[in-house]
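> The structure file coords-v4.cif (mmCIF, C-alpha atoms) is provided below.
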data_start
#
loop_
_atom_site.group_PDB
_atom_site.id
_atom_site.type_symbol
_atom_site.label_atom_id
_atom_site.label_comp_id
_atom_site.auth_asym_id
_atom_site.auth_seq_id
_atom_site.Cartn_x
_atom_site.Cartn_y
_atom_site.Cartn_z
ATOM 1 C CA MET A 21 99.970 98.792 27.292
ATOM 2 C CA LYS A 22 96.496 99.910 28.367
ATOM 3 C CA LYS A 23 96.281 102.349 25.439
ATOM 4 C CA GLU A 24 97.145 99.621 22.907
ATOM 5 C CA PHE A 25 94.565 97.325 24.470
ATOM 6 C CA LEU A 26 91.845 99.988 24.176
ATOM 7 C CA ILE A 27 92.750 100.669 20.530
ATOM 8 C CA PHE A 28 92.723 96.932 19.763
ATOM 9 C CA PHE A 29 89.400 96.493 21.596
ATOM 10 C CA GLY A 30 87.918 99.490 19.740
ATOM 11 C CA ILE A 31 88.956 98.027 16.370
ATOM 12 C CA LEU A 32 87.357 94.685 17.300
ATOM 13 C CA VAL A 33 84.124 96.439 18.267
ATOM 14 C CA LEU A 34 84.110 98.369 14.937
ATOM 15 C CA ILE A 35 84.680 95.173 12.975
ATOM 16 C CA GLY A 36 81.888 93.418 14.887
ATOM 17 C CA VAL A 37 79.432 96.274 14.381
ATOM 18 C CA SER A 38 80.352 96.481 10.677
ATOM 19 C CA LEU A 39 79.841 92.755 10.138
ATOM 20 C CA TYR A 40 76.523 92.880 11.990
ATOM 21 C CA ALA A 41 75.330 95.802 9.849
ATOM 22 C CA ILE A 42 76.410 94.113 6.620
ATOM 23 C CA GLU A 43 74.697 90.857 7.591
ATOM 24 C CA SER A 44 71.534 92.629 8.798
ATOM 25 C CA TYR A 45 71.102 94.607 5.583
ATOM 26 C CA GLY A 46 71.669 91.588 3.361
ATOM 27 C CA VAL A 47 74.890 92.642 1.704
ATOM 28 C CA LEU A 48 76.463 89.225 2.267
ATOM 29 C CA LYS A 49 73.274 87.225 1.693
ATOM 30 C CA PRO A 50 72.834 85.722 -1.770
ATOM 31 C CA LYS A 51 69.592 86.554 -3.523
ATOM 32 C CA PRO A 52 67.195 83.625 -3.130
ATOM 33 C CA PRO A 53 66.103 81.937 -6.353
ATOM 34 C CA GLU A 54 62.834 83.166 -7.774
ATOM 35 C CA SER A 55 59.873 80.871 -7.089
ATOM 36 C CA GLU A 56 57.766 79.515 -9.914
ATOM 37 C CA ILE A 57 54.218 80.843 -10.253
ATOM 38 C CA THR A 58 50.989 79.223 -11.411
ATOM 39 C CA LEU A 59 49.703 79.423 -14.969
ATOM 40 C CA ASP A 60 46.782 81.566 -13.735
ATOM 41 C CA ARG A 61 49.210 84.065 -12.171
ATOM 42 C CA PHE A 62 51.184 84.101 -15.432
ATOM 43 C CA LYS A 63 47.980 84.917 -17.335
ATOM 44 C CA GLU A 64 47.332 87.824 -14.943
ATOM 45 C CA ILE A 65 50.811 89.187 -15.611
ATOM 46 C CA ILE A 66 50.276 88.982 -19.383
ATOM 47 C CA GLY A 67 46.939 90.766 -19.049
ATOM 48 C CA LYS A 68 48.143 93.646 -16.893
ATOM 49 C CA ASN A 69 51.500 94.417 -18.543
ATOM 50 C CA GLU A 70 51.753 96.490 -21.695
ATOM 51 C CA LYS A 71 55.452 95.973 -22.466
ATOM 52 C CA PHE A 72 57.428 92.769 -22.810
ATOM 53 C CA SER A 73 60.864 91.672 -23.890
ATOM 54 C CA ILE A 74 61.703 88.555 -25.855
ATOM 55 C CA VAL A 75 65.225 87.256 -25.151
ATOM 56 C CA MET A 76 66.472 84.581 -27.538
ATOM 57 C CA TYR A 77 69.652 82.670 -26.767
ATOM 58 C CA ALA A 78 71.252 81.555 -30.035
ATOM 59 C CA GLU A 79 73.231 78.319 -30.171
ATOM 60 C CA GLN A 80 76.393 77.729 -32.158
ATOM 61 C CA ASP A 81 74.561 75.050 -34.126
ATOM 62 C CA PRO A 82 72.366 76.942 -36.658
ATOM 63 C CA SER A 83 69.689 74.226 -36.700
ATOM 64 C CA LYS A 84 69.204 74.653 -32.944
ATOM 65 C CA SER A 85 69.186 78.453 -33.169
ATOM 66 C CA LYS A 86 66.587 78.392 -35.943
ATOM 67 C CA ASN A 87 63.941 76.872 -33.648
ATOM 68 C CA VAL A 88 64.768 79.298 -30.834
ATOM 69 C CA LEU A 89 64.553 82.316 -33.167
ATOM 70 C CA ASN A 90 61.333 81.052 -34.822
ATOM 71 C CA CYS A 91 59.717 80.715 -31.412
ATOM 72 C CA GLY A 92 60.819 84.237 -30.444
ATOM 73 C CA ILE A 93 59.488 85.771 -33.653
ATOM 74 C CA SER A 94 56.174 83.955 -33.268
ATOM 75 C CA LEU A 95 55.815 84.993 -29.633
ATOM 76 C CA SER A 96 56.718 88.591 -30.432
ATOM 77 C CA GLY A 97 54.105 88.723 -33.192
ATOM 78 C CA SER A 98 51.360 87.278 -31.001
ATOM 79 C CA LEU A 99 52.052 89.761 -28.189
ATOM 80 C CA ALA A 100 52.123 92.661 -30.662
ATOM 81 C CA GLY A 101 48.820 91.373 -32.061
ATOM 82 C CA MET A 102 47.355 91.782 -28.562
ATOM 83 C CA GLY A 103 48.422 95.439 -28.585
ATOM 84 C CA LYS A 104 51.506 94.889 -26.398
ATOM 85 C CA LYS A 105 54.822 96.656 -26.963
ATOM 86 C CA VAL A 106 57.634 94.177 -27.541
ATOM 87 C CA ASP A 107 61.419 94.524 -27.603
ATOM 88 C CA ASN A 108 63.431 91.664 -29.088
ATOM 89 C CA TYR A 109 66.935 90.659 -28.007
ATOM 90 C CA ALA A 110 69.174 87.921 -29.397
ATOM 91 C CA PHE A 111 72.211 86.742 -27.466
ATOM 92 C CA GLU A 112 74.953 85.388 -29.642
ATOM 93 C CA GLY A 113 78.347 84.700 -28.099
ATOM 94 C CA ASP A 114 79.441 87.673 -25.997
ATOM 95 C CA TYR A 115 77.039 90.083 -27.679
ATOM 96 C CA CYS A 116 73.398 90.932 -27.613
ATOM 97 C CA ILE A 117 71.635 92.202 -30.707
ATOM 98 C CA TRP A 118 68.762 94.594 -30.090
ATOM 99 C CA GLN A 119 66.716 96.714 -32.443
ATOM 100 C CA ASP A 120 65.987 100.144 -31.035
ATOM 101 C CA PRO A 121 62.228 100.603 -31.541
ATOM 102 C CA VAL A 122 62.532 104.402 -31.816
ATOM 103 C CA ASN A 123 65.068 104.800 -34.615
ATOM 104 C CA LEU A 124 65.019 101.159 -35.819
ATOM 105 C CA ALA A 125 68.801 100.901 -35.548
ATOM 106 C CA VAL A 126 70.141 97.424 -34.848
ATOM 107 C CA LEU A 127 72.658 97.642 -32.011
ATOM 108 C CA ASN A 128 75.274 95.210 -30.748
ATOM 109 C CA LEU A 129 75.394 95.605 -26.985
ATOM 110 C CA SER A 130 77.331 93.876 -24.243
ATOM 111 C CA GLN A 131 75.384 91.202 -22.384
ATOM 112 C CA SER A 132 75.195 93.343 -19.242
ATOM 113 C CA ASN A 133 73.871 96.392 -21.141
ATOM 114 C CA CYS A 134 71.283 94.198 -22.783
ATOM 115 C CA ALA A 135 70.211 92.640 -19.480
ATOM 116 C CA ASP A 136 69.838 96.117 -17.952
ATOM 117 C CA LYS A 137 67.324 96.923 -20.701
ATOM 118 C CA PHE A 138 65.202 93.783 -20.845
ATOM 119 C CA LYS A 139 65.028 93.183 -17.093
ATOM 120 C CA GLN A 140 62.973 96.372 -16.783
ATOM 121 C CA ASP A 141 60.039 94.534 -18.401
ATOM 122 C CA TYR A 142 58.433 91.144 -17.974
ATOM 123 C CA TYR A 143 60.569 89.027 -20.252
ATOM 124 C CA PHE A 144 60.502 85.702 -22.029
ATOM 125 C CA GLU A 145 63.748 83.761 -22.189
ATOM 126 C CA ILE A 146 63.825 81.323 -25.075
ATOM 127 C CA ARG A 147 66.550 78.712 -24.785
ATOM 128 C CA TYR A 148 67.457 75.487 -26.492
ATOM 129 C CA GLY A 149 66.565 72.412 -24.441
ATOM 130 C CA GLY A 150 63.915 69.815 -23.717
ATOM 131 C CA LEU A 151 62.553 71.096 -20.411
ATOM 132 C CA PRO A 152 58.967 72.228 -19.734
ATOM 133 C CA PRO A 153 58.247 75.980 -19.603
ATOM 134 C CA ARG A 154 58.815 77.745 -16.296
ATOM 135 C CA PHE A 155 56.896 80.834 -15.174
ATOM 136 C CA TYR A 156 58.105 83.397 -12.618
ATOM 137 C CA GLU A 157 57.001 86.848 -11.415
ATOM 138 C CA SER A 158 59.622 88.606 -13.572
ATOM 139 C CA ARG A 159 60.046 86.214 -16.500
ATOM 140 C CA ALA A 160 59.034 83.044 -18.300
ATOM 141 C CA THR A 161 61.579 80.558 -19.614
ATOM 142 C CA LEU A 162 60.670 78.518 -22.679
ATOM 143 C CA TYR A 163 62.839 75.622 -23.809
ATOM 144 C CA ILE A 164 62.788 74.673 -27.476
ATOM 145 C CA ASP A 165 64.421 71.553 -28.915
ATOM 146 C CA GLU A 166 64.691 69.759 -32.257
ATOM 147 C CA SER A 167 61.153 68.387 -31.944
ATOM 148 C CA PHE A 168 59.713 71.911 -31.936
ATOM 149 C CA ASN A 169 57.268 72.222 -34.826
ATOM 150 C CA LYS A 170 54.647 74.606 -33.508
ATOM 151 C CA SER A 171 54.529 78.316 -33.034
ATOM 152 C CA CYS A 172 55.079 80.000 -29.685
ATOM 153 C CA GLU A 173 51.990 82.140 -29.460
ATOM 154 C CA ILE A 174 49.939 83.682 -26.731
ATOM 155 C CA SER A 175 46.350 84.491 -27.521
ATOM 156 C CA ARG A 176 43.671 86.395 -25.739
ATOM 157 C CA LYS A 177 40.579 84.280 -25.108
ATOM 158 C CA SER A 178 37.146 85.847 -25.151
ATOM 159 C CA PRO A 179 35.331 85.786 -21.797
#
Produce structure tokens that represent the structure in this file.


Amino acid sequence: MKKEFLIFFGILVLIGVSLYAIESYGVLKPKPPESEITLDRFKEIIGKNEKFSIVMYAEQDPSKSKNVLNCGISLSGSLAGMGKKVDNYAFEGDYCIWQDPVNLAVLNLSQSNCADKFKQDYYFEIRYGGLPPRFYESRATLYIDESFNKSCEISRKSP
């Protein structure tokens, strides 16, 4: 009886220590949402980074996707005009379309493979919707809707 009690007590101690270690190292803690940053901080990020990704989320309705894609193309061109390297990604359904900048091959990747690539850089998410832009340390989210009639450009101002 004493032996079984010691084994049971030992297992309880191991479980307790394991749960404490998991909780202490954040394995069970969800990642907190990223906080928005100021426009000035966003400008700093644009100035210091040399490589960006543009991530366009296509809609099933072609008229909605057109505005999203036009914004992405415009943004990509303006960043390239500033001497920045830009990778473009388009999510459509379960796939992500990406053009390899080295051999210019257009690749259909899974969404997770695509995300692994673009999350290495500061990235712009372009989505359909009527919300204001949101800026974060790792990304900016731009929402484009049917009233969109401008270009999505970033320009460098002279001092």

> Check which residues satisfy the PyMOL selection byres ((chain A and resi 86) around 12) in the file shown, then give them as a VMD selection string.

chain A and resid 76 to 85 87 to 93 110 146 to 148 164 to 166 168 to 169

> Between CA of Lys139 in chain A and CA of Pro152 in chain A, measure the distance and give it in Å to one decimal.

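Between these atoms lies a distance of 22.0 Å.
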
> Can you list, as a PyMOL selection string, the residues that the PyMOL selection byres ((chain A and resi 95-108) around 6) selects here?

chain A and resi 70-74+92-94+109+172-174

> Give the answer as one residue: which of A:Ser55, A:Pro153, A:Tyr115, A:Ser171 has the shortest atom-to-atom distance to Gln131 in chain A, using all atoms listed in the file?

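Going through A:Ser55, A:Pro153, A:Tyr115, A:Ser171 one by one, the smallest distance to Gln131 in chain A is for A:Tyr115.
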
> Around all of range 81-87 of chain A's listed atoms, make the axis-aligned box with 5 Å on each side and tell me centre and edge lengths in Å to one decimal, as lines of an AutoDock Vina configuration file.


center_x = 69.3
center_y = 76.3
center_z = -34.8
size_x = 20.6
size_y = 14.2
size_z = 13.8

> Between CA of Gln140 in chain A and CA of Ile117 in chain A, what is the distance, to one decimal in Å?

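Distance reported for this atom pair: 16.9 Å.
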
> Calculated over all atoms listed in the file, which of the candidates A:Ala135, A:Gly150, A:Tyr143, A:Ser158 has the smallest distance to Arg61 in chain A?

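With all atoms listed in the file as the atom set, the closest residue is A:Ser158.
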
> Neighbouring residues of Phe155 in chain A were defined as those with any atom within 12 Å, considering all atoms listed in the file; residues of the same chain fewer than 2 positions away were excluded. Please report them as a PyMOL selection string.

chain A and resi 54-66+142-145+152-153+157-163
